[in-house]
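Novice: So that you have it, the file is start.cif, and it contains mmCIF, C-alpha atoms, pLDDT in the B column; chains and numbers go by the auth columns:
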data_structure
loop_
_atom_site.group_PDB
_atom_site.id
_atom_site.type_symbol
_atom_site.label_atom_id
_atom_site.label_comp_id
_atom_site.label_asym_id
_atom_site.label_seq_id
_atom_site.Cartn_x
_atom_site.Cartn_y
_atom_site.Cartn_z
_atom_site.B_iso_or_equiv
_atom_site.auth_seq_id
_atom_site.auth_asym_id
ATOM 1 C CA MET A 1 89.097 138.506 -5.849 67.00 103 C
ATOM 2 C CA ALA A 2 87.839 142.010 -6.662 66.00 104 C
ATOM 3 C CA THR A 3 90.190 144.809 -5.644 81.00 105 C
ATOM 4 C CA THR A 4 87.684 147.614 -6.200 87.00 106 C
ATOM 5 C CA THR A 5 84.120 148.148 -5.101 84.00 107 C
ATOM 6 C CA ASP A 6 81.230 150.175 -6.438 86.00 108 C
ATOM 7 C CA VAL A 7 79.310 151.899 -3.632 86.00 109 C
ATOM 8 C CA SER A 8 76.367 152.500 -5.975 88.00 110 C
ATOM 9 C CA THR A 9 75.654 148.767 -5.613 83.00 111 C
ATOM 10 C CA TYR A 10 75.467 148.903 -1.790 85.00 112 C
ATOM 11 C CA ARG A 11 72.036 148.356 -0.208 87.00 113 C
ATOM 12 C CA TYR A 12 70.741 148.479 3.343 88.00 114 C
ATOM 13 C CA ASN A 13 69.794 144.859 4.059 92.00 115 C
ATOM 14 C CA HIS A 14 68.706 144.437 7.681 93.00 116 C
ATOM 15 C CA THR A 15 68.723 145.460 11.325 95.00 117 C
ATOM 16 C CA MET A 16 69.214 142.809 14.016 96.00 118 C
ATOM 17 C CA TYR A 17 67.483 142.717 17.405 96.00 119 C
ATOM 18 C CA ARG A 18 68.226 140.185 20.127 96.00 120 C
ATOM 19 C CA ILE A 19 64.961 138.798 21.473 96.00 121 C
ATOM 20 C CA LYS A 20 64.020 136.896 24.607 96.00 122 C
ATOM 21 C CA ASP A 21 60.972 134.928 23.390 96.00 123 C
ATOM 22 C CA PRO A 22 60.661 134.136 19.676 97.00 124 C
ATOM 23 C CA LYS A 23 57.006 133.134 19.970 97.00 125 C
ATOM 24 C CA ALA A 24 56.008 136.528 21.418 97.00 126 C
ATOM 25 C CA SER A 25 58.250 138.511 19.050 98.00 127 C
ATOM 26 C CA LEU A 26 57.171 136.655 15.911 98.00 128 C
ATOM 27 C CA GLN A 27 53.530 137.131 16.883 98.00 129 C
ATOM 28 C CA PHE A 28 54.099 140.883 17.366 98.00 130 C
ATOM 29 C CA TYR A 29 55.909 141.455 14.077 98.00 131 C
ATOM 30 C CA THR A 30 53.679 139.186 11.945 98.00 132 C
ATOM 31 C CA GLU A 31 50.287 139.865 13.508 97.00 133 C
ATOM 32 C CA ALA A 32 50.533 143.428 14.857 97.00 134 C
ATOM 33 C CA LEU A 33 52.809 144.842 12.148 97.00 135 C
ATOM 34 C CA GLY A 34 51.910 142.523 9.266 96.00 136 C
ATOM 35 C CA MET A 35 55.459 141.478 8.404 96.00 137 C
ATOM 36 C CA LYS A 36 56.113 138.114 6.794 95.00 138 C
ATOM 37 C CA LEU A 37 58.539 135.554 8.185 96.00 139 C
ATOM 38 C CA LEU A 38 60.786 135.200 5.138 94.00 140 C
ATOM 39 C CA GLU A 39 63.492 132.880 6.410 95.00 141 C
ATOM 40 C CA GLU A 40 64.609 131.181 9.591 97.00 142 C
ATOM 41 C CA HIS A 41 67.775 129.385 10.612 97.00 143 C
ATOM 42 C CA HIS A 42 68.192 127.246 13.727 97.00 144 C
ATOM 43 C CA SER A 43 71.554 126.256 15.168 96.00 145 C
ATOM 44 C CA PRO A 44 70.869 123.893 18.095 95.00 146 C
ATOM 45 C CA GLU A 45 74.570 123.144 18.570 96.00 147 C
ATOM 46 C CA SER A 46 75.331 126.863 18.955 96.00 148 C
ATOM 47 C CA LYS A 47 72.054 127.467 20.829 96.00 149 C
ATOM 48 C CA PHE A 48 70.622 130.280 18.709 97.00 150 C
ATOM 49 C CA SER A 49 67.956 130.871 16.059 98.00 151 C
ATOM 50 C CA LEU A 50 67.625 133.614 13.439 98.00 152 C
ATOM 51 C CA TYR A 51 64.335 134.894 12.023 98.00 153 C
ATOM 52 C CA PHE A 52 64.237 137.262 9.042 97.00 154 C
ATOM 53 C CA LEU A 53 61.090 139.333 8.571 96.00 155 C
ATOM 54 C CA GLY A 54 59.992 141.944 6.076 94.00 156 C
ATOM 55 C CA TYR A 55 57.178 143.208 3.908 93.00 157 C
ATOM 56 C CA GLU A 56 56.180 141.709 0.585 87.00 158 C
ATOM 57 C CA ASP A 57 55.983 144.103 -2.310 83.00 159 C
ATOM 58 C CA PRO A 58 56.201 143.662 -6.093 83.00 160 C
ATOM 59 C CA ALA A 59 59.805 144.917 -6.163 83.00 161 C
ATOM 60 C CA SER A 60 60.983 142.168 -3.781 84.00 162 C
ATOM 61 C CA ALA A 61 58.921 139.273 -5.180 82.00 163 C
ATOM 62 C CA GLY A 62 61.115 136.243 -5.676 83.00 164 C
ATOM 63 C CA LEU A 63 64.267 137.839 -4.283 84.00 165 C
ATOM 64 C CA VAL A 64 66.519 135.915 -1.924 85.00 166 C
ATOM 65 C CA ARG A 65 67.202 137.446 1.500 87.00 167 C
ATOM 66 C CA LEU A 66 70.471 139.114 0.463 84.00 168 C
ATOM 67 C CA GLY A 67 68.723 140.675 -2.528 85.00 169 C
ATOM 68 C CA ARG A 68 66.090 142.388 -0.379 87.00 170 C
ATOM 69 C CA GLN A 69 66.224 145.667 1.510 89.00 171 C
ATOM 70 C CA GLY A 70 64.918 146.806 4.896 91.00 172 C
ATOM 71 C CA LEU A 71 64.611 143.452 6.669 95.00 173 C
ATOM 72 C CA LEU A 72 64.485 142.797 10.384 96.00 174 C
ATOM 73 C CA GLU A 73 66.569 139.950 11.824 97.00 175 C
ATOM 74 C CA LEU A 74 65.476 138.621 15.203 97.00 176 C
ATOM 75 C CA THR A 75 68.179 136.649 17.022 97.00 177 C
ATOM 76 C CA HIS A 76 67.113 134.322 19.819 97.00 178 C
ATOM 77 C CA ASN A 77 69.716 132.846 22.154 96.00 179 C
ATOM 78 C CA HIS A 78 68.114 129.639 23.361 97.00 180 C
ATOM 79 C CA GLY A 79 67.075 129.522 27.016 95.00 181 C
ATOM 80 C CA THR A 80 66.476 133.247 27.540 94.00 182 C
ATOM 81 C CA GLU A 81 62.709 132.704 27.256 94.00 183 C
ATOM 82 C CA ASN A 82 62.809 130.549 30.413 94.00 184 C
ATOM 83 C CA ASN A 83 64.496 133.165 32.611 94.00 185 C
ATOM 84 C CA ALA A 84 61.904 135.552 34.065 93.00 186 C
ATOM 85 C CA ASP A 85 64.604 138.047 35.120 94.00 187 C
ATOM 86 C CA PHE A 86 66.354 138.171 31.749 93.00 188 C
ATOM 87 C CA ALA A 87 66.005 141.271 29.548 91.00 189 C
ATOM 88 C CA TYR A 88 68.054 142.780 26.736 90.00 190 C
ATOM 89 C CA SER A 89 69.018 146.441 26.772 88.00 191 C
ATOM 90 C CA THR A 90 67.159 148.205 23.963 89.00 192 C
ATOM 91 C CA GLY A 91 69.516 151.177 23.946 87.00 193 C
ATOM 92 C CA ASN A 92 66.696 153.504 24.991 83.00 194 C
ATOM 93 C CA GLY A 93 67.300 153.747 28.729 73.00 195 C
ATOM 94 C CA ASP A 94 68.636 156.696 30.675 69.00 196 C
ATOM 95 C CA THR A 95 71.728 156.893 28.492 69.00 197 C
ATOM 96 C CA GLY A 96 69.779 156.517 25.236 70.00 198 C
ATOM 97 C CA GLY A 97 71.769 155.799 22.153 78.00 199 C
ATOM 98 C CA TYR A 98 69.809 153.527 19.873 86.00 200 C
ATOM 99 C CA GLY A 99 66.410 154.876 18.847 87.00 201 C
ATOM 100 C CA HIS A 100 63.877 152.908 16.810 93.00 202 C
ATOM 101 C CA ILE A 101 62.750 151.412 13.536 95.00 203 C
ATOM 102 C CA ALA A 102 59.798 152.938 11.655 95.00 204 C
ATOM 103 C CA VAL A 103 56.827 151.434 9.832 95.00 205 C
ATOM 104 C CA THR A 104 54.513 153.364 7.521 94.00 206 C
ATOM 105 C CA VAL A 105 50.764 152.657 7.566 94.00 207 C
ATOM 106 C CA ASP A 106 47.806 153.724 5.449 93.00 208 C
ATOM 107 C CA SER A 107 45.918 155.283 8.390 93.00 209 C
ATOM 108 C CA LEU A 108 47.556 156.239 11.675 95.00 210 C
ATOM 109 C CA GLN A 109 44.263 156.379 13.596 95.00 211 C
ATOM 110 C CA ALA A 110 43.038 153.018 12.267 94.00 212 C
ATOM 111 C CA ALA A 111 46.425 151.385 12.900 95.00 213 C
ATOM 112 C CA CYS A 112 46.466 152.672 16.484 97.00 214 C
ATOM 113 C CA ALA A 113 42.926 151.386 17.060 96.00 215 C
ATOM 114 C CA ARG A 114 44.047 147.998 15.718 96.00 216 C
ATOM 115 C CA PHE A 115 47.124 147.995 17.978 97.00 217 C
ATOM 116 C CA ASP A 116 44.824 148.750 20.941 96.00 218 C
ATOM 117 C CA SER A 117 42.606 145.783 20.033 96.00 219 C
ATOM 118 C CA LEU A 118 45.702 143.552 19.961 96.00 220 C
ATOM 119 C CA GLY A 119 46.943 144.795 23.345 97.00 221 C
ATOM 120 C CA VAL A 120 50.086 146.398 21.909 97.00 222 C
ATOM 121 C CA LYS A 121 51.946 148.643 24.369 97.00 223 C
ATOM 122 C CA PHE A 122 52.101 152.310 23.376 98.00 224 C
ATOM 123 C CA ILE A 123 55.063 154.516 24.241 96.00 225 C
ATOM 124 C CA LYS A 124 53.460 157.551 22.577 96.00 226 C
ATOM 125 C CA ARG A 125 49.994 157.902 21.079 97.00 227 C
ATOM 126 C CA PRO A 126 49.298 160.463 18.323 96.00 228 C
ATOM 127 C CA GLU A 127 47.348 162.667 20.748 96.00 229 C
ATOM 128 C CA ASP A 128 50.265 162.786 23.227 95.00 230 C
ATOM 129 C CA GLY A 129 52.655 165.714 22.986 89.00 231 C
ATOM 130 C CA ARG A 130 53.167 168.108 20.103 93.00 232 C
ATOM 131 C CA MET A 131 53.859 165.574 17.348 93.00 233 C
ATOM 132 C CA LYS A 132 50.332 164.445 16.419 92.00 234 C
ATOM 133 C CA HIS A 133 51.427 162.703 13.208 94.00 235 C
ATOM 134 C CA ILE A 134 53.344 159.826 14.845 95.00 236 C
ATOM 135 C CA ALA A 135 52.920 157.063 17.371 97.00 237 C
ATOM 136 C CA PHE A 136 55.471 154.836 19.075 97.00 238 C
ATOM 137 C CA ILE A 137 54.748 151.273 20.141 97.00 239 C
ATOM 138 C CA ALA A 138 56.957 148.697 21.860 97.00 240 C
ATOM 139 C CA ASP A 139 57.668 145.128 20.843 97.00 241 C
ATOM 140 C CA PRO A 140 57.752 142.358 23.500 96.00 242 C
ATOM 141 C CA ASP A 141 61.395 143.162 24.333 95.00 243 C
ATOM 142 C CA GLY A 142 60.786 146.905 24.560 94.00 244 C
ATOM 143 C CA TYR A 143 62.297 147.921 21.205 95.00 245 C
ATOM 144 C CA ARG A 144 60.552 151.008 19.865 95.00 246 C
ATOM 145 C CA VAL A 145 58.654 151.108 16.586 96.00 247 C
ATOM 146 C CA GLU A 146 57.619 154.470 15.168 96.00 248 C
ATOM 147 C CA ILE A 147 54.323 154.412 13.282 96.00 249 C
ATOM 148 C CA LEU A 148 53.929 156.957 10.468 95.00 250 C
ATOM 149 C CA GLU A 149 50.969 157.559 8.167 93.00 251 C
ATOM 150 C CA ASN A 150 51.682 157.489 4.443 90.00 252 C
ATOM 151 C CA PRO A 151 48.533 158.518 2.522 85.00 253 C
ATOM 152 C CA MET A 152 50.020 157.048 -0.670 82.00 254 C
ATOM 153 C CA LEU A 153 49.399 153.584 0.838 83.00 255 C
ATOM 154 C CA ARG A 154 45.625 154.047 0.888 80.00 256 C
ATOM 155 C CA LYS A 155 43.709 151.907 -1.575 76.00 257 C
#
Re-express the file's structure as structure tokens.
Specialist:
Amino acid sequence: MATTTDVSTYRYNHTMYRIKDPKASLQFYTEALGMKLLEEHHSPESKFSLYFLGYEDPASAGLVRLGRQGLLELTHNHGTENNADFAYSTGNGDTGGYGHIAVTVDSLQAACARFDSLGVKFIKRPEDGRMKHIAFIADPDGYRVEILENPMLRK
């Protein structure tokens, strides 16, 4: 067993969110945000499922999950989707604490128009407030996603 470690080899792999309804969450992240479902694991005996999502790019082509960076893990505890009163804390209530993830897009205005057409809930539109260069949307569980324009993504 190694007794030393090289921090230059460390990589940020994923963030995990607990979700109520995998169907709604997977639809949001794959259809609204364009992520790909890269891997899933179901444990019926332990009553949970894991879904790993991310973006495809040439640098990650062919890599296994642990070789990738910047993934999102959605954890579903079976049965929560059937309880109308159930909700996870997103860490963004009165006491705050958590924050958000961020996704870059080629055009903020076009992305926001697309989110509108898909019925995505906005927390902040670009025209709201002083910060005109960002938007915030919410996933089905209320987790916040910051939307940022990156002109380098334009084709």
Novice: Taking into account all atoms listed in the file, which residue in the set C:Ala186, C:Val205, C:Ile236, C:Val166 is nearest to C:Gly136?
Specialist: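 Of C:Ala186, C:Val205, C:Ile236, C:Val166, the one nearest C:Gly136 is C:Val205, counting all atoms listed in the file.
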Novice: Using Å and a single decimal, report how far atom CA of C:Leu210 sits from atom CA of C:Ala126.
Specialist: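 It comes out at 23.6 Å.
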Novice: Written as a PDB file with C-alpha atoms, in the coordinates of the input, which residues does the PyMOL selection byres ((chain C and resi 173) around 12) give for the file shown?
Specialist:
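So the final result, stored in selection-v3.pdb, reads:
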ATOM      1  CA  ARG C 113      72.036 148.356  -0.208  1.00 87.00           C
ATOM      2  CA  TYR C 114      70.741 148.479   3.343  1.00 88.00           C
ATOM      3  CA  ASN C 115      69.794 144.859   4.059  1.00 92.00           C
ATOM      4  CA  HIS C 116      68.706 144.437   7.681  1.00 93.00           C
ATOM      5  CA  THR C 117      68.723 145.460  11.325  1.00 95.00           C
ATOM      6  CA  MET C 118      69.214 142.809  14.016  1.00 96.00           C
ATOM      7  CA  TYR C 119      67.483 142.717  17.405  1.00 96.00           C
ATOM      8  CA  TYR C 131      55.909 141.455  14.077  1.00 98.00           C
ATOM      9  CA  MET C 137      55.459 141.478   8.404  1.00 96.00           C
ATOM     10  CA  LYS C 138      56.113 138.114   6.794  1.00 95.00           C
ATOM     11  CA  LEU C 139      58.539 135.554   8.185  1.00 96.00           C
ATOM     12  CA  LEU C 140      60.786 135.200   5.138  1.00 94.00           C
ATOM     13  CA  GLU C 141      63.492 132.880   6.410  1.00 95.00           C
ATOM     14  CA  TYR C 153      64.335 134.894  12.023  1.00 98.00           C
ATOM     15  CA  PHE C 154      64.237 137.262   9.042  1.00 97.00           C
ATOM     16  CA  LEU C 155      61.090 139.333   8.571  1.00 96.00           C
ATOM     17  CA  GLY C 156      59.992 141.944   6.076  1.00 94.00           C
ATOM     18  CA  TYR C 157      57.178 143.208   3.908  1.00 93.00           C
ATOM     19  CA  GLU C 158      56.180 141.709   0.585  1.00 87.00           C
ATOM     20  CA  SER C 162      60.983 142.168  -3.781  1.00 84.00           C
ATOM     21  CA  VAL C 166      66.519 135.915  -1.924  1.00 85.00           C
ATOM     22  CA  ARG C 167      67.202 137.446   1.500  1.00 87.00           C
ATOM     23  CA  LEU C 168      70.471 139.114   0.463  1.00 84.00           C
ATOM     24  CA  GLY C 169      68.723 140.675  -2.528  1.00 85.00           C
ATOM     25  CA  ARG C 170      66.090 142.388  -0.379  1.00 87.00           C
ATOM     26  CA  GLN C 171      66.224 145.667   1.510  1.00 89.00           C
ATOM     27  CA  GLY C 172      64.918 146.806   4.896  1.00 91.00           C
ATOM     28  CA  LEU C 174      64.485 142.797  10.384  1.00 96.00           C
ATOM     29  CA  GLU C 175      66.569 139.950  11.824  1.00 97.00           C
ATOM     30  CA  LEU C 176      65.476 138.621  15.203  1.00 97.00           C
ATOM     31  CA  ILE C 203      62.750 151.412  13.536  1.00 95.00           C
ATOM     32  CA  ALA C 204      59.798 152.938  11.655  1.00 95.00           C
ATOM     33  CA  VAL C 205      56.827 151.434   9.832  1.00 95.00           C
TER      34      VAL C 205
END
Novice: Tell me, as a PyMOL selection string, which residues lie within 9 Å of stretch 225-235 of chain C, counting only C-alpha atoms; anything in the same chain fewer than 3 positions away does not count.
Specialist: chain C and resi 210-211+214+238-240+246+249-251
Novice: Please produce a file of the residues just selected, as a tab-separated table (two decimals), in the frame of the given file, where the atoms kept are C-alpha atoms.
Specialist:
chain	number	residue	atom	x	y	z
C	210	LEU	CA	47.56	156.24	11.68
C	211	GLN	CA	44.26	156.38	13.60
C	214	CYS	CA	46.47	152.67	16.48
C	238	PHE	CA	55.47	154.84	19.08
C	239	ILE	CA	54.75	151.27	20.14
C	240	ALA	CA	56.96	148.70	21.86
C	246	ARG	CA	60.55	151.01	19.86
C	249	ILE	CA	54.32	154.41	13.28
C	250	LEU	CA	53.93	156.96	10.47
C	251	GLU	CA	50.97	157.56	8.17
Novice: Pick the closest to C:Lys125 from C:Gly199, C:Thr106, C:Ala237, C:Glu183: which is it, counting all atoms listed in the file?
Specialist: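 So, comparing all the options, the nearest one is C:Glu183.
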Novice: Can you work out the spacing between atom CA of C:Tyr190 and atom CA of C:Pro124 in Å, to one decimal?
Specialist: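 Atom CA of C:Pro124 lies at a distance of 13.4 Å from atom CA of C:Tyr190.
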Novice: Check what the PyMOL selection byres ((chain C and resi 241) around 10) selects in the file above and give those residues as a VMD selection string.
Specialist: chain C and resid 121 126 to 131 134 to 135 222 to 224 239 to 240 242 to 247
Novice: I'd like to know which of C:Phe150, C:Phe217, C:Tyr200, C:Tyr112 is closest to C:Thr177, using all atoms listed in the file.
Specialist: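 The shortest atom-to-atom distance to C:Thr177 comes from C:Phe150.
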Novice: Given 6 Å on each side, where is the centre and what are the edge lengths in Å to one decimal of the axis-aligned box enclosing the listed atoms of stretch 130-138 of chain C, as lines of an AutoDock Vina configuration file?
Specialist:
center_x = 53.2
center_y = 141.5
center_z = 12.1
size_x = 17.8
size_y = 18.7
size_z = 22.6
Novice: Rank nothing, just name the residue among C:Asp123, C:Glu142, C:Asp159, C:Glu133 nearest to C:Ser219, using all atoms listed in the file.
Specialist: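 Of the candidates, the smallest distance to C:Ser219 is held by C:Glu133.
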Novice: Might you pull out every residue within 9 Å of C:His180, with only C-alpha atoms counted and same-chain residues fewer than 5 positions away left off, and present them as a compact mmCIF listing (two decimals) with C-alpha atoms, in the frame of the given file?
Specialist:
# COMPACT_ATOMS: atom_id res chain seq x y z
CA LYS C 122 64.02 136.90 24.61
CA ASP C 123 60.97 134.93 23.39
CA PRO C 146 70.87 123.89 18.10
CA SER C 148 75.33 126.86 18.95
CA LYS C 149 72.05 127.47 20.83
CA PHE C 150 70.62 130.28 18.71
CA SER C 151 67.96 130.87 16.06
Novice: Hey, which of C:Met254, C:Glu248, C:Thr105, C:Pro160 ends up closest to C:His202? Count all atoms listed in the file.
Specialist: C:Glu248
Novice: State, in Å with one decimal place, the distance from atom CA of C:Pro253 to atom CA of C:Leu220.
Specialist: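 Calculated distance between atom CA of C:Pro253 and atom CA of C:Leu220 is 23.2 Å.
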Novice: Would you mind putting back all heavy atoms on stretch 169-180 of chain C, then writing it out as a compact mmCIF listing (two decimals), keeping the file's coordinate frame?
Specialist:
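Result file follows (rebuild-v7.txt):
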# COMPACT_ATOMS: atom_id res chain seq x y z
N GLY C 169 69.14 139.78 -1.45
CA GLY C 169 68.72 140.68 -2.53
C GLY C 169 67.65 141.66 -2.10
O GLY C 169 67.28 142.55 -2.85
N ARG C 170 67.15 141.52 -0.88
CA ARG C 170 66.09 142.39 -0.38
C ARG C 170 66.68 143.57 0.38
O ARG C 170 67.87 143.59 0.69
CB ARG C 170 65.17 141.61 0.57
CG ARG C 170 64.33 140.58 -0.13
CD ARG C 170 63.57 139.76 0.90
NE ARG C 170 62.58 138.95 0.29
CZ ARG C 170 61.29 139.28 0.18
NH1 ARG C 170 60.86 140.42 0.66
NH2 ARG C 170 60.44 138.48 -0.40
N GLN C 171 65.81 144.52 0.71
CA GLN C 171 66.22 145.67 1.51
C GLN C 171 65.26 145.84 2.67
O GLN C 171 64.10 145.45 2.60
CB GLN C 171 66.23 146.94 0.67
CG GLN C 171 67.26 146.90 -0.45
CD GLN C 171 67.30 148.19 -1.22
OE1 GLN C 171 67.39 149.25 -0.63
NE2 GLN C 171 67.24 148.09 -2.53
N GLY C 172 65.77 146.43 3.77
CA GLY C 172 64.92 146.81 4.90
C GLY C 172 64.34 145.66 5.69
O GLY C 172 63.21 145.73 6.17
N LEU C 173 65.10 144.59 5.89
CA LEU C 173 64.61 143.45 6.67
C LEU C 173 64.92 143.63 8.15
O LEU C 173 65.77 144.44 8.54
CB LEU C 173 65.26 142.16 6.18
CG LEU C 173 65.00 141.77 4.73
CD1 LEU C 173 65.69 140.45 4.41
CD2 LEU C 173 63.52 141.71 4.43
N LEU C 174 64.24 142.85 8.94
CA LEU C 174 64.48 142.80 10.38
C LEU C 174 64.92 141.37 10.73
O LEU C 174 64.23 140.41 10.39
CB LEU C 174 63.22 143.16 11.16
CG LEU C 174 63.36 143.18 12.68
CD1 LEU C 174 64.35 144.26 13.12
CD2 LEU C 174 62.00 143.44 13.31
N GLU C 175 66.07 141.25 11.35
CA GLU C 175 66.57 139.95 11.82
C GLU C 175 66.36 139.89 13.33
O GLU C 175 66.82 140.76 14.06
CB GLU C 175 68.05 139.80 11.51
CG GLU C 175 68.67 138.53 12.10
CD GLU C 175 70.18 138.49 11.97
OE1 GLU C 175 70.78 139.38 11.32
OE2 GLU C 175 70.78 137.56 12.54
N LEU C 176 65.66 138.87 13.77
CA LEU C 176 65.48 138.62 15.20
C LEU C 176 66.39 137.47 15.58
O LEU C 176 66.32 136.39 14.98
CB LEU C 176 64.02 138.28 15.52
CG LEU C 176 62.99 139.33 15.10
CD1 LEU C 176 61.58 138.85 15.45
CD2 LEU C 176 63.27 140.67 15.75
N THR C 177 67.25 137.68 16.57
CA THR C 177 68.18 136.65 17.02
C THR C 177 67.77 136.19 18.41
O THR C 177 67.68 137.01 19.33
CB THR C 177 69.62 137.19 17.05
OG1 THR C 177 69.99 137.57 15.72
CG2 THR C 177 70.59 136.15 17.57
N HIS C 178 67.52 134.90 18.53
CA HIS C 178 67.11 134.32 19.82
C HIS C 178 68.22 133.41 20.32
O HIS C 178 68.61 132.45 19.64
CB HIS C 178 65.82 133.52 19.66
CG HIS C 178 65.47 132.75 20.88
ND1 HIS C 178 65.30 131.38 20.88
CD2 HIS C 178 65.27 133.14 22.16
CE1 HIS C 178 65.01 130.98 22.10
NE2 HIS C 178 64.99 132.03 22.89
N ASN C 179 68.76 133.73 21.49
CA ASN C 179 69.72 132.85 22.15
C ASN C 179 68.90 131.91 23.03
O ASN C 179 68.21 132.36 23.96
CB ASN C 179 70.73 133.66 22.97
CG ASN C 179 71.62 134.49 22.06
OD1 ASN C 179 72.21 133.96 21.14
ND2 ASN C 179 71.68 135.77 22.31
N HIS C 180 68.95 130.64 22.71
CA HIS C 180 68.11 129.64 23.36
C HIS C 180 68.25 129.67 24.88
O HIS C 180 69.35 129.80 25.41
CB HIS C 180 68.45 128.24 22.84
CG HIS C 180 68.23 128.10 21.37
ND1 HIS C 180 68.59 126.97 20.68
CD2 HIS C 180 67.68 128.93 20.44
CE1 HIS C 180 68.28 127.11 19.40
NE2 HIS C 180 67.74 128.30 19.24
